[in-house]
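Working notes, structure below.
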Amino acid sequence: MLKQKTLKGSFSLYGKGLHTGLYITATFNPAPENTGYKIQRIDLEGQPIIEAIAENVVDTKRSTVLAKEDPNIRCSTVEHALAALYGMDIDNCLIQVNGPEMPILEGSAATYAENILKVGVVEQNANKDVYIIRKKIEVHDEKTGASIMILPDENFSITTMISYQSKWFSSQFATLENIDNFENEIAGARTFVFVRDVEPLTQAGLIKGGDLDNAIVIYEDEIPQERLDKLADHLHIDHKDAKKLGFLNNKPLVWENEPARHKLLDIIGDMALIGRPIKGRIIATKPGHTINNLFARQIRREIRAHEVQAPIYDCNVAPLMDVNRIRELLPHRYPMQLVDKVVEMGSNYIVAVKNVTSNEPFFQGHFPQEPVMPGVLQVEAMAQAGGLLVLNSVKDPEKWSTYFMKIDGVKFRQKVVPGDTLIFRVELIAPIRHGVSSMKGFVFVGDKVVSEATFTAQIVKNK
């Protein structure tokens, strides 16, 4: 299984905030396992920490704004930094910032990504908790026509399509097939704005830190020279010829579809607020921070509803252990051998299968008119799967047996009946010490958990 990752060291970036114009320092620090992304306002009393999750988003008009219960404890324009962390495969990071927003830098995630590469990445002990998309999930905005859907896929990938009433680009699309390509294909895509939208923003007291170095500015409808000069003075940029339409950038477009790539970058930053890496294909039409956040919240609701995901079981794939190999390792025989095959195994987990038939001997008395598999046998089956995992770690496993020492937290959620295929997933909670192992097990039928337990077992050499 993939392991969680954090930064190998800290790095700091200094620059203007896009909307406040304040010069701000953001420091990215390593964080412990299962921390996720957190933002700490070190300029405020008590240095409060904001958890970077979708439910903490309080504004999406011009950027993604995170806040705690107190609306003054906030941080805006977080999407580029979070996109860089997610795109560069960082699971845990504490960002310390001394102002109300992240520095805009060059208007993309390039500098963040470059510094992550420079400082390095380190693997942690905890497993990466990837949420696998098993069905289509969609969010749609009737007013704007915006929509985002996610479909099952082997990787995390995104296709985004944008459309504007523009002479320079009416529609564009961009695709990221593999997150490993984030740095080269997406990180450098800059934010963009139309001149027609700049004046209302300046009048609202926003984009005080905007300039031609941190945004693509699209000038497509001619305005009086005096008005354009006034706007340039407000943004502290050189005067431009009002008759010359086009892109008012100091740096030319990196890609012809750079605006669409930037929208894709924003989606990644907003998906980072899900709190877990996901595996699936996102297709976004006319995306923006508002619908991005609605979508991230919907995914978080799906995750809460399926907090423990069933392993993917393909009956066409040959097992790692068949019934004959299982009998070589376990002493159990009919009617107490309750694992038919092992289909997946790692250093600290195992996935095994039992097909429940109407011929099981316990159905004769449990119960004749309503056959139900006893819960105690489900726990026993989990333990047998765990025993196979533990025995796989010792030399000459045929000479050892495993025995229960303790069972805790047993829960039964649904009946198991003839015809069900039980899928067991058992994982070590801690390394095996002195022949004693603690494990957490789940039993699934389809994608539903039917039972679970935590148990401790001891490995004993056979006499």
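Identifiers for the structure tokens are assigned positionally: chains receive A, B, ... in sequence, residues are indexed from 1 per chain, and ligands are indexed from 1 in the order shown.
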#### Entry: strand (DSSP E or B) positions in range 292-462 of chain A, given as number ranges by chain
A: 321, 341-345, 349-355, 400-412, 421-428, 433, 436-445, 448-461
Using only C-alpha atoms, what table do you get, as JSON lines, when you list each residue of range 154-199 of chain A with an atom no more than 7 Å from range 218-228 of chain A, its nearest pair of atoms, and their distance in Å rounded to one decimal, rows by chain then rising number?
{"residue": "A:Lys167", "atom": "CA", "partner": "A:Glu220", "partner_atom": "CA", "distance": 6.7}
{"residue": "A:Val193", "atom": "CA", "partner": "A:Ile218", "partner_atom": "CA", "distance": 6.2}
{"residue": "A:Phe194", "atom": "CA", "partner": "A:Ile218", "partner_atom": "CA", "distance": 4.6}
{"residue": "A:Val195", "atom": "CA", "partner": "A:Tyr219", "partner_atom": "CA", "distance": 5.3}
File dump, residues just selected, N, CA and C atoms, as a JSON list (two decimals), in the first residue's frame:
[["chain", "number", "residue", "atom", "x", "y", "z"],
["A", 167, "LYS", "N", -13.76, 37.30, -27.61],
["A", 167, "LYS", "CA", -13.25, 37.25, -28.97],
["A", 167, "LYS", "C", -11.93, 36.46, -29.03],
["A", 193, "VAL", "N", -7.88, 37.23, -15.98],
["A", 193, "VAL", "CA", -8.97, 38.16, -15.71],
["A", 193, "VAL", "C", -9.21, 39.01, -16.94],
["A", 194, "PHE", "N", -10.46, 39.39, -17.18],
["A", 194, "PHE", "CA", -10.80, 40.30, -18.27],
["A", 194, "PHE", "C", -10.74, 41.74, -17.76],
["A", 195, "VAL", "N", -10.29, 42.65, -18.64],
["A", 195, "VAL", "CA", -10.23, 44.07, -18.25],
["A", 195, "VAL", "C", -11.61, 44.56, -17.81]]
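Between Glu33 in chain A and the residues A:Ile90, A:Val342, A:Met405, A:Ala272, the shortest atom-to-atom distance, using only C-alpha atoms, involves A:Ile90.
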### Summary
Of A:Ser10, A:Asn292, A:Ser347, A:Ser163, the one nearest to Lys118 in chain A when counting only C-alpha atoms is A:Ser10
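Near Pro319 in chain A, within a cut-off of 9 Å and counting only C-alpha atoms, sit the residues Cys315, Lys341, Val342, Val343 and Glu344 of chain A, with same-chain residues fewer than 4 positions away left out.
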### Task
Name the residues of range 19-177 of chain A that fall into alpha helix (DSSP H) according to DSSP on the backbone, using the chain letters and numbers of this document, as a PyMOL selection string.
chain A and resi 79-87+110-119
